[in-house]
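Content type TSV, C-alpha atoms and all ligand atoms, from the file upload-v8.tsv:
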```
chain	number	residue	atom	x	y	z
A	1	MET	CA	67.68	75.79	211.37
A	2	GLU	CA	66.50	72.92	209.23
A	3	PHE	CA	66.61	74.93	206.00
A	4	LEU	CA	70.41	75.00	206.10
A	5	LYS	CA	70.56	71.49	204.71
A	6	TYR	CA	68.90	72.70	201.50
A	7	ILE	CA	71.21	75.55	200.53
A	8	ASN	CA	72.53	75.05	197.04
A	9	PRO	CA	75.73	73.01	196.83
A	10	GLY	CA	78.82	75.23	196.76
A	11	ILE	CA	77.33	78.12	198.74
A	12	ASP	CA	78.22	76.56	202.11
A	13	SER	CA	81.95	76.79	201.30
A	14	ILE	CA	81.87	80.46	200.25
A	15	LYS	CA	83.71	82.96	202.37
A	16	PRO	CA	81.94	86.30	201.87
A	17	TYR	CA	83.86	88.82	199.73
A	18	GLU	CA	85.83	91.07	202.04
A	19	PRO	CA	85.63	94.62	200.70
A	20	GLY	CA	88.26	97.22	201.62
A	21	LYS	CA	87.67	98.79	205.04
A	22	SER	CA	85.82	102.09	205.00
A	23	THR	CA	87.52	105.30	206.11
A	24	ASP	CA	84.76	106.04	208.66
A	25	ASP	CA	85.09	102.61	210.34
A	26	VAL	CA	88.85	102.94	210.72
A	27	MET	CA	88.70	106.55	211.93
A	28	GLU	CA	86.23	105.66	214.63
A	29	LYS	CA	87.88	102.40	215.70
A	30	TYR	CA	91.40	103.81	216.08
A	31	ASN	CA	90.46	107.36	216.99
A	32	LEU	CA	92.39	108.84	214.09
A	33	ASN	CA	91.94	112.16	212.34
A	34	LYS	CA	93.81	111.32	209.14
A	35	ILE	CA	93.15	108.28	207.00
A	36	VAL	CA	94.64	107.32	203.67
A	37	LYS	CA	92.60	104.66	201.90
A	38	LEU	CA	94.54	102.66	199.36
A	39	ALA	CA	92.46	99.49	199.53
A	40	SER	CA	90.04	99.17	196.65
A	41	ASN	CA	91.84	100.18	193.44
A	42	GLU	CA	89.75	103.29	192.95
A	43	ASN	CA	91.01	106.31	190.98
A	44	SER	CA	92.65	108.44	193.68
A	45	LEU	CA	92.03	111.57	191.57
A	46	GLY	CA	88.28	110.91	191.62
A	47	PRO	CA	86.04	111.33	188.56
A	48	SER	CA	86.30	113.97	185.84
A	49	PRO	CA	84.79	117.41	186.62
A	50	LYS	CA	82.42	116.72	183.70
A	51	VAL	CA	81.05	113.76	185.63
A	52	LYS	CA	80.45	115.96	188.66
A	53	SER	CA	78.48	118.45	186.51
A	54	ALA	CA	76.45	115.66	184.91
A	55	ILE	CA	75.52	114.32	188.34
A	56	ASN	CA	74.63	117.78	189.68
A	57	GLU	CA	72.40	118.48	186.69
A	58	PHE	CA	70.49	115.23	187.08
A	59	LYS	CA	66.85	115.68	188.16
A	60	ASP	CA	64.77	112.68	187.11
A	61	VAL	CA	65.08	110.46	190.17
A	62	HIS	CA	61.38	109.63	189.97
A	63	LEU	CA	61.78	107.97	186.55
A	64	TYR	CA	63.07	104.50	185.82
A	65	PRO	CA	66.35	104.44	183.93
A	66	ASP	CA	66.52	103.67	180.23
A	67	GLY	CA	66.53	99.89	180.56
A	68	ASP	CA	68.38	99.53	177.28
A	69	GLY	CA	70.96	102.23	178.13
A	70	LYS	CA	70.76	103.52	174.53
A	71	GLN	CA	72.81	106.69	174.93
A	72	LEU	CA	75.54	105.07	176.96
A	73	LYS	CA	75.77	102.13	174.58
A	74	SER	CA	75.94	104.52	171.67
A	75	LYS	CA	78.83	106.38	173.34
A	76	ILE	CA	80.61	103.10	174.12
A	77	SER	CA	80.17	101.91	170.53
A	78	GLU	CA	81.78	105.15	169.33
A	79	VAL	CA	84.76	104.60	171.62
A	80	GLU	CA	85.13	100.86	171.06
A	81	LEU	CA	84.31	100.97	167.32
A	82	LEU	CA	81.59	98.34	167.72
A	83	SER	CA	77.86	98.17	167.12
A	84	ASP	CA	75.65	98.72	170.18
A	85	LYS	CA	74.41	95.18	169.56
A	86	ASN	CA	77.84	93.98	170.65
A	87	ILE	CA	77.51	95.71	174.01
A	88	ILE	CA	75.78	94.82	177.26
A	89	LEU	CA	75.70	97.15	180.26
A	90	GLY	CA	76.19	95.93	183.80
A	91	ASN	CA	75.82	97.07	187.37
A	92	GLY	CA	79.59	97.18	187.53
A	93	SER	CA	81.55	94.78	185.35
A	94	ASN	CA	80.96	92.34	188.19
A	95	GLU	CA	77.39	91.96	187.05
A	96	ILE	CA	78.57	91.06	183.54
A	97	LEU	CA	80.71	88.31	185.09
A	98	GLU	CA	77.63	87.16	186.98
A	99	ILE	CA	75.39	87.26	183.91
A	100	VAL	CA	77.76	85.22	181.76
A	101	SER	CA	78.14	82.74	184.61
A	102	GLN	CA	74.37	82.56	185.01
A	103	THR	CA	74.10	81.88	181.30
A	104	PHE	CA	76.66	79.07	181.07
A	105	LEU	CA	77.63	77.67	184.47
A	106	SER	CA	75.78	75.05	186.49
A	107	GLU	CA	76.52	71.97	188.53
A	108	ARG	CA	76.87	70.09	185.25
A	109	SER	CA	79.63	72.29	183.88
A	110	GLU	CA	83.17	73.45	184.66
A	111	CYS	CA	85.16	76.64	184.40
A	112	ILE	CA	88.83	77.51	184.50
A	113	PHE	CA	90.77	80.42	185.97
A	114	SER	CA	94.19	81.06	187.43
A	115	LYS	CA	95.34	80.77	190.99
A	116	HIS	CA	95.64	84.29	192.49
A	117	ALA	CA	93.03	85.52	189.96
A	118	PHE	CA	90.23	87.94	190.79
A	119	VAL	CA	88.07	86.16	193.37
A	120	VAL	CA	84.70	86.80	191.74
A	121	TYR	CA	85.30	84.04	189.15
A	122	LYS	CA	85.52	81.48	191.94
A	123	LEU	CA	82.48	82.93	193.70
A	124	ALA	CA	80.45	82.84	190.48
A	125	ALA	CA	81.35	79.17	190.02
A	126	LYS	CA	80.74	78.14	193.63
A	127	VAL	CA	77.33	79.80	193.86
A	128	ARG	CA	76.23	77.67	190.92
A	129	GLY	CA	77.76	74.45	192.22
A	130	CYS	CA	80.00	74.52	189.17
A	131	ASN	CA	83.28	72.62	189.31
A	132	PHE	CA	86.31	74.85	188.73
A	133	HIS	CA	89.99	74.44	187.96
A	134	GLU	CA	92.29	76.93	189.60
A	135	VAL	CA	95.40	76.69	187.46
A	136	GLU	CA	98.86	77.02	189.02
A	137	ALA	CA	100.32	80.45	188.23
A	138	LYS	CA	103.61	81.23	186.48
A	139	SER	CA	105.58	84.09	188.09
A	140	TRP	CA	102.27	85.17	189.69
A	141	GLY	CA	100.66	85.48	186.25
A	142	HIS	CA	98.23	83.29	184.26
A	143	ASP	CA	99.89	80.25	182.70
A	144	LEU	CA	97.73	79.80	179.61
A	145	ASN	CA	99.56	76.67	178.46
A	146	LYS	CA	98.50	75.01	181.68
A	147	PHE	CA	94.92	76.25	181.21
A	148	ILE	CA	94.72	74.11	178.07
A	149	GLU	CA	95.48	70.96	180.09
A	150	HIS	CA	92.32	71.52	182.16
A	151	ILE	CA	89.88	71.90	179.29
A	152	ASN	CA	87.44	69.01	178.94
A	153	GLU	CA	83.98	68.37	177.48
A	154	LYS	CA	82.34	70.07	180.48
A	155	THR	CA	84.30	73.34	180.20
A	156	ARG	CA	81.96	76.25	179.54
A	157	ILE	CA	83.88	79.38	180.60
A	158	ILE	CA	87.54	80.32	180.91
A	159	PHE	CA	88.18	83.50	182.88
A	160	ILE	CA	91.25	85.63	182.17
A	161	ALA	CA	92.00	88.80	184.11
A	162	ASN	CA	94.25	91.11	182.14
A	163	PRO	CA	95.82	92.75	184.10
A	164	ASN	CA	94.99	90.52	186.98
A	165	ASN	CA	93.88	91.78	190.36
A	166	PRO	CA	95.62	91.44	192.83
A	167	THR	CA	98.91	90.52	191.12
A	168	GLY	CA	98.98	93.25	188.44
A	169	THR	CA	100.43	90.77	185.93
A	170	TYR	CA	99.32	90.90	182.31
A	171	LEU	CA	99.23	88.78	179.16
A	172	THR	CA	100.34	90.03	175.77
A	173	HIS	CA	98.12	90.15	172.71
A	174	TYR	CA	100.22	87.41	171.16
A	175	GLU	CA	99.83	85.10	174.18
A	176	ILE	CA	96.06	85.57	174.23
A	177	ASP	CA	95.70	85.14	170.49
A	178	LYS	CA	97.80	81.97	170.52
A	179	PHE	CA	95.71	80.63	173.38
A	180	LEU	CA	92.39	81.40	171.69
A	181	GLN	CA	93.50	79.54	168.58
A	182	LYS	CA	93.73	76.41	170.72
A	183	VAL	CA	90.41	76.81	172.54
A	184	SER	CA	87.33	75.23	171.05
A	185	SER	CA	84.81	77.83	169.85
A	186	ASP	CA	82.06	76.34	172.03
A	187	ILE	CA	83.83	77.59	175.18
A	188	ILE	CA	83.32	81.19	176.27
A	189	VAL	CA	86.56	82.98	177.07
A	190	VAL	CA	85.94	85.97	179.33
A	191	ILE	CA	88.73	88.52	179.17
A	192	ASP	CA	88.35	90.88	182.09
A	193	LEU	CA	89.89	94.27	181.27
A	194	ALA	CA	88.83	96.20	184.38
A	195	TYR	CA	92.24	97.94	184.50
A	196	TYR	CA	92.71	98.19	180.72
A	197	GLU	CA	93.41	101.93	180.56
A	198	TYR	CA	96.26	101.80	183.08
A	199	VAL	CA	98.35	99.38	181.05
A	200	THR	CA	101.50	100.89	179.55
A	201	ALA	CA	103.03	97.73	178.02
A	202	ASP	CA	103.38	98.02	174.22
A	203	ASP	CA	102.44	94.40	173.58
A	204	TYR	CA	99.12	94.56	175.45
A	205	ILE	CA	95.88	93.20	174.00
A	206	ASN	CA	94.11	94.80	171.07
A	207	ALA	CA	90.57	94.11	172.23
A	208	LEU	CA	88.84	94.94	168.95
A	209	GLU	CA	91.07	92.61	166.95
A	210	ILE	CA	90.35	89.77	169.39
A	211	LEU	CA	86.60	90.43	169.25
A	212	ASN	CA	86.67	90.49	165.46
A	213	ASN	CA	88.52	87.20	165.28
A	214	TYR	CA	86.80	85.16	167.99
A	215	LYS	CA	83.03	84.86	168.40
A	216	ASN	CA	83.43	83.02	171.72
A	217	VAL	CA	85.16	85.92	173.50
A	218	LEU	CA	83.45	88.22	175.98
A	219	ILE	CA	85.46	91.27	177.01
A	220	THR	CA	84.49	93.16	180.15
A	221	LYS	CA	85.41	96.70	181.16
A	222	SER	CA	84.65	98.80	184.20
A	223	PHE	CA	83.81	102.40	185.02
A	224	SER	CA	84.93	101.81	188.63
A	225	LYS	CA	88.65	102.17	188.05
A	226	ILE	CA	90.09	104.87	185.80
A	227	HIS	CA	86.69	106.54	185.36
A	228	GLY	CA	86.33	106.96	189.14
A	229	LEU	CA	82.69	105.84	189.26
A	230	SER	CA	82.97	102.95	191.73
A	231	ALA	CA	80.04	104.15	193.83
A	232	LEU	CA	77.69	104.28	190.85
A	233	ARG	CA	78.25	100.66	189.75
A	234	VAL	CA	78.57	100.60	185.99
A	235	GLY	CA	80.53	98.44	183.58
A	236	TYR	CA	80.03	96.67	180.27
A	237	GLY	CA	80.65	93.57	178.26
A	238	MET	CA	81.51	93.29	174.56
A	239	GLY	CA	81.05	90.25	172.40
A	240	ASN	CA	79.33	88.61	169.51
A	241	LYS	CA	75.77	89.90	168.87
A	242	LYS	CA	74.18	86.52	169.57
A	243	LEU	CA	76.09	86.10	172.84
A	244	ILE	CA	75.06	89.60	173.93
A	245	GLU	CA	71.45	89.00	172.95
A	246	ILE	CA	71.34	85.83	175.06
A	247	MET	CA	73.01	87.49	178.02
A	248	ASN	CA	70.48	90.31	177.81
A	249	ARG	CA	67.74	87.77	178.52
A	250	VAL	CA	69.38	87.14	181.91
A	251	ARG	CA	70.02	90.81	182.74
A	252	GLN	CA	67.62	92.57	185.12
A	253	PRO	CA	65.58	95.20	183.22
A	254	PHE	CA	66.89	98.33	184.97
A	255	ASN	CA	70.28	97.14	186.13
A	256	VAL	CA	72.18	100.39	185.49
A	257	ASN	CA	70.74	103.49	187.12
A	258	SER	CA	70.25	106.77	185.24
A	259	ILE	CA	72.90	108.73	187.15
A	260	ALA	CA	75.47	106.05	186.40
A	261	GLN	CA	74.54	106.12	182.71
A	262	LYS	CA	74.89	109.91	182.49
A	263	ALA	CA	78.12	109.91	184.50
A	264	ALA	CA	79.65	107.19	182.33
A	265	ILE	CA	78.87	109.16	179.15
A	266	ALA	CA	80.40	112.32	180.63
A	267	SER	CA	83.48	110.39	181.66
A	268	LEU	CA	84.02	108.83	178.22
A	269	ASP	CA	83.71	112.34	176.78
A	270	ASP	CA	86.52	113.67	178.93
A	271	THR	CA	89.49	112.00	177.26
A	272	ASN	CA	91.88	114.66	178.61
A	273	TYR	CA	90.97	113.75	182.15
A	274	LEU	CA	91.46	110.05	181.42
A	275	GLN	CA	94.89	110.79	179.95
A	276	LYS	CA	95.74	112.82	183.04
A	277	SER	CA	94.72	109.88	185.27
A	278	ILE	CA	96.84	107.45	183.24
A	279	LYS	CA	99.86	109.72	183.42
A	280	HIS	CA	99.40	110.23	187.13
A	281	ASN	CA	99.16	106.49	187.73
A	282	THR	CA	102.25	105.72	185.65
A	283	ASN	CA	104.31	108.36	187.46
A	284	GLU	CA	103.15	107.35	190.92
A	285	ARG	CA	103.64	103.66	190.15
A	286	GLU	CA	107.27	104.49	189.32
A	287	PHE	CA	107.56	106.60	192.46
A	288	LEU	CA	106.36	103.72	194.65
A	289	TYR	CA	108.65	101.26	192.85
A	290	LYS	CA	111.58	103.57	193.58
A	291	CYS	CA	110.68	103.88	197.28
A	292	LEU	CA	110.19	100.12	197.65
A	293	LYS	CA	113.50	99.38	195.91
A	294	GLU	CA	115.26	101.80	198.25
A	295	MET	CA	113.75	99.87	201.17
A	296	SER	CA	114.83	96.55	199.56
A	297	ILE	CA	111.23	95.39	199.53
A	298	ASN	CA	110.10	93.01	196.80
A	299	PHE	CA	106.97	93.65	194.78
A	300	ILE	CA	105.28	92.30	191.68
A	301	PRO	CA	105.61	94.78	188.77
A	302	SER	CA	102.08	95.91	187.99
A	303	GLN	CA	100.20	97.11	184.94
A	304	GLY	CA	97.30	98.30	187.10
A	305	ASN	CA	96.66	101.06	189.61
A	306	PHE	CA	97.82	98.88	192.50
A	307	ILE	CA	100.94	97.01	193.59
A	308	CYS	CA	101.34	93.70	195.38
A	309	ILE	CA	104.08	94.07	197.96
A	310	ASP	CA	105.93	91.16	199.56
A	311	VAL	CA	106.25	92.20	203.21
A	312	ASN	CA	108.14	88.99	204.01
A	313	GLN	CA	105.93	88.31	207.04
A	314	SER	CA	102.21	88.07	207.67
A	315	GLY	CA	100.50	90.55	205.33
A	316	ARG	CA	97.50	90.53	207.68
A	317	LYS	CA	99.75	91.68	210.54
A	318	VAL	CA	101.27	94.51	208.48
A	319	PHE	CA	97.77	95.47	207.34
A	320	GLU	CA	96.62	95.71	211.00
A	321	LEU	CA	99.68	97.77	211.95
A	322	LEU	CA	99.11	100.14	209.03
A	323	LEU	CA	95.42	100.48	209.97
A	324	LYS	CA	96.37	101.75	213.41
A	325	LYS	CA	98.57	104.35	211.73
A	326	GLY	CA	95.77	105.48	209.45
A	327	VAL	CA	96.59	103.66	206.20
A	328	ILE	CA	94.09	101.18	204.77
A	329	VAL	CA	95.59	98.62	202.36
A	330	ARG	CA	94.47	95.09	201.56
A	331	PRO	CA	95.74	91.85	203.03
A	332	ILE	CA	95.42	89.11	200.41
A	333	GLU	CA	95.59	85.74	202.11
A	334	LEU	CA	92.27	85.05	200.39
A	335	TYR	CA	94.34	84.94	197.19
A	336	GLU	CA	96.81	82.54	198.78
A	337	MET	CA	99.35	85.33	199.09
A	338	PRO	CA	99.70	85.53	202.89
A	339	ASN	CA	102.97	87.47	202.85
A	340	PHE	CA	101.70	90.20	200.56
A	341	ILE	CA	99.67	93.35	200.90
A	342	ARG	CA	98.02	95.06	197.94
A	343	VAL	CA	98.22	98.82	197.85
A	344	THR	CA	96.31	101.08	195.48
A	345	ILE	CA	98.35	103.83	193.87
A	346	GLY	CA	97.24	107.09	195.43
A	347	GLN	CA	98.11	110.75	195.12
A	348	ARG	CA	101.73	111.74	195.87
A	349	LEU	CA	101.04	112.79	199.49
A	350	GLU	CA	99.09	109.59	200.11
A	351	ASN	CA	101.86	107.46	198.63
A	352	GLU	CA	104.46	109.26	200.74
A	353	PHE	CA	102.35	108.78	203.86
A	354	PHE	CA	101.97	105.08	203.08
A	355	ILE	CA	105.72	104.61	202.56
A	356	GLN	CA	106.51	106.47	205.77
A	357	LYS	CA	104.07	104.29	207.76
A	358	LEU	CA	105.26	101.11	206.04
A	359	LYS	CA	108.82	101.94	207.12
A	360	GLU	CA	107.59	102.25	210.70
A	361	CYS	CA	105.85	98.85	210.49
A	362	LEU	CA	108.63	96.73	209.01
A	401	LIG	C1	89.87	92.24	187.82
A	401	LIG	C2	88.57	92.87	188.22
A	401	LIG	N1	87.50	92.63	187.47
A	401	LIG	C3	86.30	93.16	187.77
A	401	LIG	C4	86.14	93.96	188.87
A	401	LIG	C5	84.77	94.45	189.18
A	401	LIG	O1	84.70	95.81	189.08
A	401	LIG	P1	83.31	96.58	188.98
A	401	LIG	O2	82.21	95.61	189.25
A	401	LIG	O3	83.38	97.64	190.00
A	401	LIG	O4	83.25	97.09	187.56
A	401	LIG	C6	87.23	94.24	189.69
A	401	LIG	C7	87.07	95.06	190.89
A	401	LIG	O5	87.87	95.16	191.76
A	401	LIG	C8	88.47	93.66	189.36
A	401	LIG	O6	89.54	93.88	190.11
```
Output the file's structure in the form of C-alpha cells.
Amino acid sequence: MEFLKYINPGIDSIKPYEPGKSTDDVMEKYNLNKIVKLASNENSLGPSPKVKSAINEFKDVHLYPDGDGKQLKSKISEVELLSDKNIILGNGSNEILEIVSQTFLSERSECIFSKHAFVVYKLAAKVRGCNFHEVEAKSWGHDLNKFIEHINEKTRIIFIANPNNPTGTYLTHYEIDKFLQKVSSDIIVVIDLAYYEYVTADDYINALEILNNYKNVLITKSFSKIHGLSALRVGYGMGNKKLIEIMNRVRQPFNVNSIAQKAAIASLDDTNYLQKSIKHNTNEREFLYKCLKEMSINFIPSQGNFICIDVNQSGRKVFELLLKKGVIVRPIELYEMPNFIRVTIGQRLENEFFIQKLKECL
C-alpha cells in the first residue's frame, strides 16, 4: 500500500481513541444478564424529562438544522450572561477543541498541555503534525508554573482541563488568573470545562470573569455530562467575538443537529433537574469515597462525576476481571496511569454493585 508513505506526519503514531465498551458487547461476550456501565462519565440519571418531551415532539427530520443555532445560542447567552456573538456551537465540545486546533495548530506551531490530561488535546496536535509539550503533573493535577517554562515563540494553544479527565483534579480561579497574567495575549488558552457543573469547590473558576478579562481565552462546555445528552453530540465554546467569528469560518455549516439543539434548550431550562443531578453526584461521590476508604484503597479526590482509583496492580487486569462480572469501567494506561481504573459515579445500586465486584477482584 504505497499511499501509506504519504499520510500526514503525526497520524502514523496515533493510537485510535478507545471509547468505553458498550453494554451490548459485554453482555454478549460474557453471557451476562446484568451490566453496570460506569465507563464514559455520562449522567447516570439520564437527561431531564423535559428533554425527553422535546425529543418526542420533534417532527422535522426532513429539514436541515438551523446552521447558526440561533435559539440554542440565545438560551446559552441567557445562562452565561454573554452575547450570542461570543458563542460557537459544536458537535460535542470535542468539535470545538478540533475547530480551535484547526484554526491555530500546524506543523509550524506548538501547543502545551499536562501529562494525564484529556487525550483529545494530544490527538488534535498529532493529526496536524504539531509539536506538543506534555508537562509533568503535580499531584496528578496541572502544574501551571511548569507550563510557563514550555512557552516559546511557536506556542499557539495551551489546553487546560478543569476539572481534568481522567484525574478529576481542578485548578482554582486564582491559579488560572495568575497563570493568564503571565501568558502572552497572542496565545490561545483553551479552558475545557466539560465537568463544570459537578464542581463543588468554593474557589473554582468564575468563567465569565476570566472571559471578560482575557481576550485570548476560549472556554468550552459540554452537554454530554450533566445534561445527559452524550448521544446527541452537542457542546459549545465561549470567547472573544473575533475569535468566535474566525472559528465559525472553520465550522461545518450544519454541525449540530436539530434534535440536539432542541434537547439542549430543554435541558438548560430544567435547572431543578440539573440541581438534582449535582446533588446526586456529590452524595454518591462521598458514598464511593467512604467505601474505598473502608477498603483501604487509594483514589484521587475528584471534582467530576468520576473517580480515578489506584488498584495497586494492573488496572487493565482489574478492568478485565470487572468486565466478566458485569461492570464496565475504564483502564487508563493510555494516560500513563497503568495502576488506575476510572469509574463513573453511578446510581446508588450501580455504585454498590461496583464496590461489591471490586472487592471480589482485589
Ligand atoms: C475533559 C473533557 N473535555 C471534553 C470532552 C468531550 O466531550 P463532548 O465532546 O462529548 O462534549 C470530554 C469527554 O469525555 C472530556 O472528558
Gap from atom CA of Phe132 of chain A to atom CA of Ile112 of chain A - Å, one decimal: 5.6 Å
Give as a PyMOL selection string the residues surrounding ligand LIG 401 (chain A) up to a distance of 9 Å, considering only C-alpha atoms and all ligand atoms. chain A and resi 40-42+90-97+117-120+160-166+192-195+220-225+229-236
Tell me, as a PyMOL selection string, which residues lie within 9 Å of segment 334-350 of chain A, counting only C-alpha atoms; anything in the same chain fewer than 5 positions away does not count. chain A and resi 18+36-45+115-119+166-167+280-281+284-285+287-288+299+304-316+318-319+327-329+355
To one decimal in Å, tell me the separation between atom CA of Ile219 of chain A and atom CA of Ser48 of chain A.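 So the answer is 24.4 Å.
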With a distance cut-off of 7 Å and only C-alpha atoms, select the neighbouring residues of Ser267 of chain A, excluding the residue or stretch itself and same-chain residues fewer than 2 positions from it, and output the selection as a PyMOL selection string. chain A and resi 48+50-51+227+263-265+269-270
Find, counting all atoms listed in the file, the residue in A:Asn248, A:Ser114, A:Ser77, A:Ser13 that gets nearest to Ile148 of chain A.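 For Ile148 of chain A, the nearest of the candidates is A:Ser114.
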